[in-house]
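Colleague: One structure is given below, represented as structure tokens, and several questions about it will come after.
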Amino acid sequence: MWGSDAGVWAFFFFFLLWVIGNTTANRPCVPKFVGSDAMVCVCNATYCDTLDPVSLLPEGFFLKYETSKVGHRMALTEGKFQLNCTTPDFLGLEYIFSASERYQYVKGFGGSHTDAAAINILSLSPAAQDQLLRSYFSETGIEYNLLRMPIGSCDFSTHPYAYDDIPYDFDLKHFSLALEDTKFRIPILQHILAIAKWPISIVGSPWTAPGWLKTNGQIKGKGRLKGTAGDQFHKTWANYLIRFLDEYANHNVTFWAITSQNEPALSLYAPGDFPTINYSAEEQRDYIMLDLGPALASSNHKDVLLLIHDDLRSNLPYWAKVVLGNSSAAKYVSGIAVHWYLDRVFPAECTLGATHHLFPDYFLLYTEACNGFRPWDAKVDLGSWDRGVRYSKNIIDNFQHFVVGWIDWNLALDPKGGPNWVDNYVDSPIIVNVENDEFYKQPMFYHLAHFSKFIPEGSVRVRLTSKSWLGCRLQTVGFLRPDGAAVVVALNNCFFDVPFSITDGPMGVLEDIARSYSIQTYLWKRAVRPDDQRQEAHERLFRPSHQIMMRGRDPTQDRTSVSSHTTPYRRSYFAAAEQSFGPLEGRRRAASQMCASDPSVPRRCSSVAAQTQRGVFDRTLNSVLAGIYSVFQYLAKVIRIAVRV
């Protein structure tokens, strides 16, 4: 009898160990090959690949996570630092990790919670839904901490809608959330907040207003707000956004930031029915100064940050110059939102870099990116390695130019790239297959993981320099985490392996080989512990500007510059120039001088002054390119219709 009980207890004990092991251990990818060099990882209600929480090794050792075109997905290996580099100089790259040279603080990484994403997620069984959301937000996933949400409908909805369709209801007595909010997006949001390791910072962005507030009289289509800034129409639109925040707060969902308008300039060239409001930089400045800024600052949401622009970086630094050059508007603004479209055409150093050096107290945040957006692209290119590479290259390039965070577009889409009621289909890191109750993690997902999993909010970018005798250089970026650990992400997009080393002062030398067509993230403990001032500076950077103004101080004197800790003399230099020539002209002159004297300032810009003076040229070129793009969109649509016929 006793022996029987012992057997039962032994079975129960080993079964419990098996359950614990299978619920916490790193689970590998289940591959599905969808082409000669295209692969996705398959997840369903009962199984999905996971990642163990990061556990750093003792000093002198490092962790390496690798994803590659040949099929590795976040493969984990360990290594040891050497006292000296053993690879001859002419055989590899040498990197120097300079922890004392610090730049901007990191806000984080994330995706967008659209109606389309919600519909696709909810089309799965509850267990599969949980697997998908944990893949993005949990400690066993890639630990997103940013989430962007449209305020109302966007093109990635099933139909256009607004929260108050009663004409001329200026008091918004009939304002109410839509079914898409109460039945789709809010339940998923509450699920995300329940499973996330980190606090989720939500960014809201409006696409369009009720038709009675727009010049075209419709929710859909291109139009401007009726009237001018400061009038009843503009104030109602500002209060409309505040009411949205109120209603979500009633569901225990609060926002970290809002943007004043999604793509106010690019939308002018959007397809005819695309839901949007067009603004010029001057119109946005006046709207913020007279309507949205005061409404937000006097509301129950005064802690919510206000971001300008939310459009292509081709508009920079001109757009920032117009809005932030006006102190009455700038006092309400905390940051500049940017979209990645046409990034290949407009260099980061002449747009992002120039903007940062003109306005170092306002952070740069990427709020939208996706593949498949060009008319000639395959909308969903399942398993595409190249699309993941585009993400990684863009993130590395942007963080090297003072961007603090990067938000992807739709969290999940169907195999067609939708739903989208204007047929503006695109790709997503996760594609949902409703018929099989499963979803596919694409290479884009894992490229994003190499950043979001290991670079938490409060990390700071540090200098990572290299010298190379090779024709192919790695694309790299380095950070210090809040816990004092070092992180380096290295992308090898070459067709051959690249040996390299990273020297980190007293820690020694990390030697490794970056395999062809691969991305890797390295983490190691450092002998130097984190300092408390870093965290304090990070908190001050992301503080709303109007809170500082309410304390009776100018935001430029109180906010912490994202680069002030690297060269303190810059702030005094800017301050002196502003005192002599005024805020805008002073910054222009100071930044111009910096371009000439400071090697960390972009070299391909002859000067920031020259960039700001070329604002008209930039806008003209942007308009031409956007016009060409819209023509291609129209032709592609005609061809698709012809093929169907």
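Letters for chains follow the order of the structure tokens (A, B, ...), residue numbers begin at 1 for each chain, and ligand numbers begin at 1 in the order shown.
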Which residues, written as an NGL selection string, have at least one atom at most 10 Å from A:His72, with only C-alpha atoms counted and residues fewer than 6 positions away on the same chain left out?

Modeller: :A and (28-29 or 31 or 65-66 or 446 or 518-519)

Colleague: Hey, can you spit out that residue selection with N, CA and C atoms as a PDB file, in the first residue's frame?

Modeller:
ATOM      1  N   PRO A  28      11.528  26.307 -28.519  1.00  0.00           N
ATOM      2  CA  PRO A  28      12.057  26.641 -29.845  1.00  0.00           C
ATOM      3  C   PRO A  28      10.953  26.901 -30.860  1.00  0.00           C
ATOM      4  N   CYS A  29      11.334  27.540 -31.930  1.00  0.00           N
ATOM      5  CA  CYS A  29      10.435  27.816 -33.045  1.00  0.00           C
ATOM      6  C   CYS A  29      10.031  26.527 -33.751  1.00  0.00           C
ATOM      7  N   PRO A  31       9.284  25.586 -37.244  1.00  0.00           N
ATOM      8  CA  PRO A  31       9.438  26.261 -38.540  1.00  0.00           C
ATOM      9  C   PRO A  31       8.449  25.777 -39.589  1.00  0.00           C
ATOM     10  N   TYR A  65      22.468  36.285 -28.541  1.00  0.00           N
ATOM     11  CA  TYR A  65      21.238  35.814 -29.175  1.00  0.00           C
ATOM     12  C   TYR A  65      21.375  36.043 -30.675  1.00  0.00           C
ATOM     13  N   GLU A  66      21.097  35.013 -31.464  1.00  0.00           N
ATOM     14  CA  GLU A  66      21.304  35.108 -32.911  1.00  0.00           C
ATOM     15  C   GLU A  66      20.052  34.680 -33.681  1.00  0.00           C
ATOM     16  N   TYR A 446      11.274  38.743 -35.211  1.00  0.00           N
ATOM     17  CA  TYR A 446      12.507  38.417 -34.495  1.00  0.00           C
ATOM     18  C   TYR A 446      13.551  39.527 -34.622  1.00  0.00           C
ATOM     19  N   SER A 518      22.681  37.716 -40.822  1.00  0.00           N
ATOM     20  CA  SER A 518      22.267  37.413 -39.454  1.00  0.00           C
ATOM     21  C   SER A 518      22.230  38.692 -38.629  1.00  0.00           C
ATOM     22  N   ILE A 519      21.518  38.616 -37.524  1.00  0.00           N
ATOM     23  CA  ILE A 519      21.514  39.691 -36.543  1.00  0.00           C
ATOM     24  C   ILE A 519      21.751  39.060 -35.182  1.00  0.00           C
TER      25      ILE A 519
END

Colleague: Give me the residues near stretch 241-258 of chain A as a list in words, where near means some atom within 7 Å (using only C-alpha atoms) and where sequence neighbours in that chain fewer than 3 positions away do not count.

Modeller: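 Counting only the stated atoms, we get Ser201, Ile202, Val203, Gly204, Ser205, Trp237, Ala238, Leu296, Val304, Leu305, Leu306 and Leu307 of chain A.
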
Colleague: Just N, CA, C and O atoms for this one: save the residues we selected as an mmCIF file, in the first residue's frame.

Modeller:
data_model
loop_
_atom_site.group_PDB
_atom_site.id
_atom_site.type_symbol
_atom_site.label_atom_id
_atom_site.label_comp_id
_atom_site.auth_asym_id
_atom_site.auth_seq_id
_atom_site.Cartn_x
_atom_site.Cartn_y
_atom_site.Cartn_z
ATOM 1 N N SER A 201 3.206 52.135 -22.307
ATOM 2 C CA SER A 201 2.993 53.540 -22.650
ATOM 3 C C SER A 201 2.227 53.592 -23.963
ATOM 4 O O SER A 201 2.738 53.173 -25.002
ATOM 5 N N ILE A 202 1.001 54.113 -23.913
ATOM 6 C CA ILE A 202 0.121 54.121 -25.084
ATOM 7 C C ILE A 202 0.139 55.502 -25.726
ATOM 8 O O ILE A 202 0.015 56.526 -25.043
ATOM 9 N N VAL A 203 0.289 55.516 -27.043
ATOM 10 C CA VAL A 203 0.281 56.748 -27.825
ATOM 11 C C VAL A 203 -0.988 56.763 -28.682
ATOM 12 O O VAL A 203 -1.211 55.840 -29.468
ATOM 13 N N GLY A 204 -1.806 57.786 -28.543
ATOM 14 C CA GLY A 204 -3.001 57.919 -29.366
ATOM 15 C C GLY A 204 -2.777 58.870 -30.522
ATOM 16 O O GLY A 204 -2.111 59.904 -30.366
ATOM 17 N N SER A 205 -3.328 58.532 -31.698
ATOM 18 C CA SER A 205 -3.173 59.373 -32.892
ATOM 19 C C SER A 205 -4.502 59.476 -33.630
ATOM 20 O O SER A 205 -5.079 58.450 -34.004
ATOM 21 N N TRP A 237 -12.787 70.191 -31.856
ATOM 22 C CA TRP A 237 -11.926 69.065 -32.229
ATOM 23 C C TRP A 237 -10.929 68.751 -31.113
ATOM 24 O O TRP A 237 -10.678 67.586 -30.790
ATOM 25 N N ALA A 238 -10.378 69.784 -30.481
ATOM 26 C CA ALA A 238 -9.474 69.566 -29.356
ATOM 27 C C ALA A 238 -10.214 68.894 -28.194
ATOM 28 O O ALA A 238 -9.711 67.928 -27.586
ATOM 29 N N LEU A 296 -5.530 70.334 -23.354
ATOM 30 C CA LEU A 296 -4.865 69.210 -22.698
ATOM 31 C C LEU A 296 -4.304 69.630 -21.347
ATOM 32 O O LEU A 296 -4.445 68.908 -20.347
ATOM 33 N N VAL A 304 -0.476 63.736 -19.868
ATOM 34 C CA VAL A 304 -0.329 63.142 -21.197
ATOM 35 C C VAL A 304 0.556 64.050 -22.059
ATOM 36 O O VAL A 304 0.312 65.247 -22.168
ATOM 37 N N LEU A 305 1.583 63.471 -22.662
ATOM 38 C CA LEU A 305 2.510 64.239 -23.490
ATOM 39 C C LEU A 305 1.889 64.536 -24.843
ATOM 40 O O LEU A 305 1.101 63.741 -25.354
ATOM 41 N N LEU A 306 2.273 65.655 -25.436
ATOM 42 C CA LEU A 306 1.792 66.041 -26.758
ATOM 43 C C LEU A 306 2.942 65.989 -27.750
ATOM 44 O O LEU A 306 3.996 66.602 -27.525
ATOM 45 N N LEU A 307 2.750 65.240 -28.839
ATOM 46 C CA LEU A 307 3.770 65.087 -29.874
ATOM 47 C C LEU A 307 3.286 65.753 -31.154
ATOM 48 O O LEU A 307 2.116 65.643 -31.522
#

Colleague: Going by DSSP on the backbone, which bits of stretch 181-228 of chain A are alpha helix (DSSP H)? Write them as a PyMOL selection string, please.

Modeller: chain A and resi 186-195

Colleague: Would you kindly return, as a PyMOL selection string, each protein, DNA or RNA residue with an atom no farther than 8 Å from any atom of A:Leu147, considering only C-alpha atoms and excluding same-chain residues fewer than 3 positions away?

Modeller: chain A and resi 110-113+144+200-203+407

Colleague: Save out the residues we just selected, N, CA, C and O atoms, as a compact mmCIF listing (two decimals), in the first residue's frame.

Modeller:
# COMPACT_ATOMS: atom_id res chain seq x y z
N GLY A 110 7.56 48.98 -29.71
CA GLY A 110 6.20 48.47 -29.66
C GLY A 110 5.56 48.35 -31.01
O GLY A 110 6.22 48.44 -32.06
N GLY A 111 4.24 48.18 -31.00
CA GLY A 111 3.45 48.04 -32.22
C GLY A 111 2.15 48.81 -32.08
O GLY A 111 1.93 49.52 -31.10
N SER A 112 1.26 48.65 -33.05
CA SER A 112 0.04 49.44 -33.10
C SER A 112 -1.20 48.56 -32.99
O SER A 112 -1.32 47.53 -33.66
N HIS A 113 -2.11 49.03 -32.15
CA HIS A 113 -3.35 48.29 -31.83
C HIS A 113 -4.49 48.91 -32.63
O HIS A 113 -5.26 49.73 -32.13
N TYR A 144 7.44 44.15 -25.47
CA TYR A 144 7.05 45.48 -25.92
C TYR A 144 6.61 46.33 -24.72
O TYR A 144 5.96 45.83 -23.80
N ILE A 200 2.90 49.73 -19.87
CA ILE A 200 2.70 49.98 -21.30
C ILE A 200 2.40 51.46 -21.50
O ILE A 200 1.46 52.00 -20.91
N SER A 201 3.21 52.13 -22.31
CA SER A 201 2.99 53.54 -22.65
C SER A 201 2.23 53.59 -23.96
O SER A 201 2.74 53.17 -25.00
N ILE A 202 1.00 54.11 -23.91
CA ILE A 202 0.12 54.12 -25.08
C ILE A 202 0.14 55.50 -25.73
O ILE A 202 0.01 56.53 -25.04
N VAL A 203 0.29 55.52 -27.04
CA VAL A 203 0.28 56.75 -27.83
C VAL A 203 -0.99 56.76 -28.68
O VAL A 203 -1.21 55.84 -29.47
N ILE A 407 8.04 52.37 -32.99
CA ILE A 407 6.76 51.67 -32.94
C ILE A 407 6.40 51.15 -34.33
O ILE A 407 6.33 51.92 -35.30

Colleague: Determine, counting only C-alpha atoms, which protein, DNA and RNA residues have an atom within 9 Å of an atom of A:Cys154; residues of the same chain fewer than 4 positions away are not included. Present the result as a PyMOL selection string.

Modeller: chain A and resi 114-115+150+158-161+206-208+274-276+420-421

Colleague: How would the residues just picked look written out with all heavy atoms as a tab-separated table (two decimals), in the first residue's frame?

Modeller:
chain	number	residue	atom	x	y	z
A	114	THR	N	-4.60	48.53	-33.88
A	114	THR	CA	-5.64	49.04	-34.77
A	114	THR	C	-6.88	48.16	-34.70
A	114	THR	O	-6.86	47.07	-34.11
A	114	THR	CB	-5.14	49.06	-36.22
A	114	THR	OG1	-4.82	47.70	-36.60
A	114	THR	CG2	-3.89	49.92	-36.36
A	115	ASP	N	-7.96	48.62	-35.33
A	115	ASP	CA	-9.16	47.77	-35.44
A	115	ASP	C	-8.82	46.46	-36.16
A	115	ASP	O	-9.28	45.39	-35.77
A	115	ASP	CB	-10.26	48.50	-36.20
A	115	ASP	CG	-10.85	49.66	-35.42
A	115	ASP	OD1	-10.57	49.77	-34.21
A	115	ASP	OD2	-11.56	50.47	-36.03
A	150	PRO	N	-4.97	54.27	-32.97
A	150	PRO	CA	-5.74	55.33	-33.63
A	150	PRO	C	-6.85	55.83	-32.71
A	150	PRO	O	-7.48	55.05	-31.99
A	150	PRO	CB	-6.32	54.62	-34.86
A	150	PRO	CG	-5.44	53.43	-35.09
A	150	PRO	CD	-5.00	53.00	-33.72
A	158	THR	N	-12.82	48.42	-40.62
A	158	THR	CA	-13.69	47.83	-41.64
A	158	THR	C	-14.60	48.87	-42.28
A	158	THR	O	-15.23	48.60	-43.30
A	158	THR	CB	-14.54	46.71	-41.03
A	158	THR	OG1	-15.28	47.24	-39.92
A	158	THR	CG2	-13.66	45.56	-40.56
A	159	HIS	N	-14.69	50.06	-41.66
A	159	HIS	CA	-15.53	51.13	-42.21
A	159	HIS	C	-15.14	52.42	-41.49
A	159	HIS	O	-14.59	52.40	-40.38
A	159	HIS	CB	-17.02	50.83	-41.97
A	159	HIS	CG	-17.38	50.77	-40.50
A	159	HIS	ND1	-18.02	51.79	-39.84
A	159	HIS	CD2	-17.15	49.81	-39.56
A	159	HIS	CE1	-18.19	51.47	-38.58
A	159	HIS	NE2	-17.68	50.27	-38.37
A	160	PRO	N	-15.42	53.57	-42.09
A	160	PRO	CA	-15.13	54.84	-41.41
A	160	PRO	C	-16.20	55.13	-40.35
A	160	PRO	O	-17.38	54.88	-40.57
A	160	PRO	CB	-15.16	55.87	-42.54
A	160	PRO	CG	-16.08	55.27	-43.56
A	160	PRO	CD	-15.92	53.78	-43.47
A	161	TYR	N	-15.77	55.65	-39.21
A	161	TYR	CA	-16.73	56.01	-38.17
A	161	TYR	C	-16.14	57.11	-37.30
A	161	TYR	O	-14.93	57.35	-37.28
A	161	TYR	CB	-17.10	54.79	-37.31
A	161	TYR	CG	-15.95	54.17	-36.55
A	161	TYR	CD1	-15.56	54.64	-35.30
A	161	TYR	CD2	-15.24	53.08	-37.08
A	161	TYR	CE1	-14.50	54.05	-34.61
A	161	TYR	CE2	-14.20	52.49	-36.41
A	161	TYR	CZ	-13.82	52.98	-35.17
A	161	TYR	OH	-12.78	52.41	-34.48
A	206	PRO	N	-5.00	60.69	-33.87
A	206	PRO	CA	-6.24	60.84	-34.64
A	206	PRO	C	-5.99	60.82	-36.14
A	206	PRO	O	-5.01	61.39	-36.62
A	206	PRO	CB	-6.75	62.22	-34.19
A	206	PRO	CG	-5.52	62.98	-33.84
A	206	PRO	CD	-4.53	61.97	-33.33
A	207	TRP	N	-6.87	60.14	-36.88
A	207	TRP	CA	-6.81	60.14	-38.34
A	207	TRP	C	-7.77	61.19	-38.93
A	207	TRP	O	-7.40	61.94	-39.79
A	207	TRP	CB	-7.18	58.75	-38.87
A	207	TRP	CG	-6.04	57.88	-39.27
A	207	TRP	CD1	-5.73	57.45	-40.52
A	207	TRP	CD2	-5.04	57.30	-38.40
A	207	TRP	NE1	-4.60	56.65	-40.50
A	207	TRP	CE2	-4.15	56.55	-39.21
A	207	TRP	CE3	-4.79	57.36	-37.04
A	207	TRP	CZ2	-3.07	55.86	-38.69
A	207	TRP	CZ3	-3.70	56.67	-36.52
A	207	TRP	CH2	-2.87	55.94	-37.35
A	208	THR	N	-9.01	61.18	-38.42
A	208	THR	CA	-10.02	62.04	-39.04
A	208	THR	C	-11.04	62.48	-38.00
A	208	THR	O	-11.17	61.87	-36.93
A	208	THR	CB	-10.72	61.31	-40.19
A	208	THR	OG1	-11.61	62.20	-40.87
A	208	THR	CG2	-11.50	60.10	-39.69
A	274	PHE	N	-9.23	58.03	-48.35
A	274	PHE	CA	-8.40	57.84	-47.15
A	274	PHE	C	-8.85	58.82	-46.06
A	274	PHE	O	-8.94	60.02	-46.30
A	274	PHE	CB	-6.93	58.06	-47.49
A	274	PHE	CG	-5.98	57.56	-46.43
A	274	PHE	CD1	-5.50	56.27	-46.47
A	274	PHE	CD2	-5.57	58.40	-45.40
A	274	PHE	CE1	-4.62	55.82	-45.50
A	274	PHE	CE2	-4.71	57.96	-44.42
A	274	PHE	CZ	-4.22	56.66	-44.47
A	275	PRO	N	-9.13	58.35	-44.84
A	275	PRO	CA	-9.61	59.25	-43.78
A	275	PRO	C	-8.48	60.10	-43.22
A	275	PRO	O	-7.50	59.57	-42.68
A	275	PRO	CB	-10.14	58.27	-42.72
A	275	PRO	CG	-9.33	57.02	-42.92
A	275	PRO	CD	-9.02	56.95	-44.39
A	276	THR	N	-8.62	61.40	-43.30
A	276	THR	CA	-7.52	62.24	-42.86
A	276	THR	C	-7.96	63.68	-42.64
A	276	THR	O	-9.05	64.09	-43.06
A	276	THR	CB	-6.38	62.21	-43.90
A	276	THR	OG1	-5.26	62.93	-43.37
A	276	THR	CG2	-6.81	62.85	-45.20
A	420	ASN	N	-8.69	46.25	-44.44
A	420	ASN	CA	-8.46	47.67	-44.68
A	420	ASN	C	-9.51	48.14	-45.67
A	420	ASN	O	-9.56	47.67	-46.81
A	420	ASN	CB	-7.05	47.90	-45.24
A	420	ASN	CG	-6.69	49.35	-45.39
A	420	ASN	OD1	-7.26	50.06	-46.22
A	420	ASN	ND2	-5.72	49.81	-44.62
A	421	TRP	N	-10.36	49.08	-45.26
A	421	TRP	CA	-11.52	49.42	-46.06
A	421	TRP	C	-11.20	50.27	-47.29
A	421	TRP	O	-12.06	50.45	-48.15
A	421	TRP	CB	-12.60	50.09	-45.21
A	421	TRP	CG	-12.26	51.45	-44.67
A	421	TRP	CD1	-11.62	51.71	-43.50
A	421	TRP	CD2	-12.56	52.70	-45.26
A	421	TRP	NE1	-11.49	53.07	-43.33
A	421	TRP	CE2	-12.07	53.70	-44.40
A	421	TRP	CE3	-13.21	53.09	-46.44
A	421	TRP	CZ2	-12.18	55.06	-44.68
A	421	TRP	CZ3	-13.32	54.44	-46.71
A	421	TRP	CH2	-12.82	55.41	-45.85

Colleague: Within 8 Å of stretch 41-49 of chain A, counting only C-alpha atoms, which residues show up once you throw out same-chain ones fewer than 2 positions away? Write them as a PyMOL selection string, please.

Modeller: chain A and resi 26-32+39+51+125-129+131-132+437-442

Colleague: Which one of A:His174, A:Arg526, A:Arg73, A:His339 sits closest to A:Asp483 if you count only C-alpha atoms?

Modeller: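 Selected residue with least distance to A:Asp483: A:Arg526.
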
Colleague: Residues within 7 Å of A:Ala116, please, as a VMD selection string. Count only C-alpha atoms; anything in the same chain fewer than 2 positions from it doesn't count.

Modeller: chain A and resid 114 118 to 120 156 to 157 413 418 to 419

Colleague: For those residues, write N, CA and C atoms to a file as a PDB file, in the first residue's frame.

Modeller:
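The resulting file, selection33.pdb, is shown below:
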ATOM      1  N   THR A 114      -4.601  48.530 -33.880  1.00  0.00           N
ATOM      2  CA  THR A 114      -5.642  49.039 -34.772  1.00  0.00           C
ATOM      3  C   THR A 114      -6.881  48.157 -34.697  1.00  0.00           C
ATOM      4  N   ALA A 118      -7.010  44.112 -33.866  1.00  0.00           N
ATOM      5  CA  ALA A 118      -7.928  43.556 -32.876  1.00  0.00           C
ATOM      6  C   ALA A 118      -8.826  42.487 -33.487  1.00  0.00           C
ATOM      7  N   ILE A 119      -9.349  42.743 -34.676  1.00  0.00           N
ATOM      8  CA  ILE A 119     -10.225  41.783 -35.353  1.00  0.00           C
ATOM      9  C   ILE A 119      -9.486  40.472 -35.607  1.00  0.00           C
ATOM     10  N   ASN A 120      -8.256  40.572 -36.065  1.00  0.00           N
ATOM     11  CA  ASN A 120      -7.478  39.359 -36.332  1.00  0.00           C
ATOM     12  C   ASN A 120      -7.138  38.599 -35.055  1.00  0.00           C
ATOM     13  N   PHE A 156      -7.147  51.085 -41.426  1.00  0.00           N
ATOM     14  CA  PHE A 156      -7.171  49.700 -40.954  1.00  0.00           C
ATOM     15  C   PHE A 156      -8.348  49.473 -40.002  1.00  0.00           C
ATOM     16  N   SER A 157      -9.515  49.866 -40.481  1.00  0.00           N
ATOM     17  CA  SER A 157     -10.805  49.558 -39.876  1.00  0.00           C
ATOM     18  C   SER A 157     -11.644  48.900 -40.975  1.00  0.00           C
ATOM     19  N   LEU A 413      -2.113  40.991 -38.818  1.00  0.00           N
ATOM     20  CA  LEU A 413      -2.991  41.151 -39.977  1.00  0.00           C
ATOM     21  C   LEU A 413      -3.327  39.782 -40.550  1.00  0.00           C
ATOM     22  N   GLY A 418      -4.831  42.732 -44.271  1.00  0.00           N
ATOM     23  CA  GLY A 418      -5.932  43.572 -43.834  1.00  0.00           C
ATOM     24  C   GLY A 418      -6.566  43.019 -42.584  1.00  0.00           C
ATOM     25  N   PRO A 419      -7.849  43.403 -42.328  1.00  0.00           N
ATOM     26  CA  PRO A 419      -8.729  44.180 -43.214  1.00  0.00           C
ATOM     27  C   PRO A 419      -8.361  45.656 -43.288  1.00  0.00           C
TER      28      PRO A 419
END

Colleague: Using atom CA of A:Asn394 and atom CA of A:Ala281 as the two end points, give the distance in Å to one decimal.

Modeller: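 Straight-line distance from atom CA of A:Asn394 to atom CA of A:Ala281 works out to 25.3 Å.
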
Colleague: Show me, as a PyMOL selection string, the residues that have an atom within 12 Å of A:Asp512 when counting only C-alpha atoms, minus same-chain residues fewer than 2 positions from it.

Modeller: chain A and resi 62-64+66+77-82+85-87+92-95+490+497-503+509-510+514-515+520-522
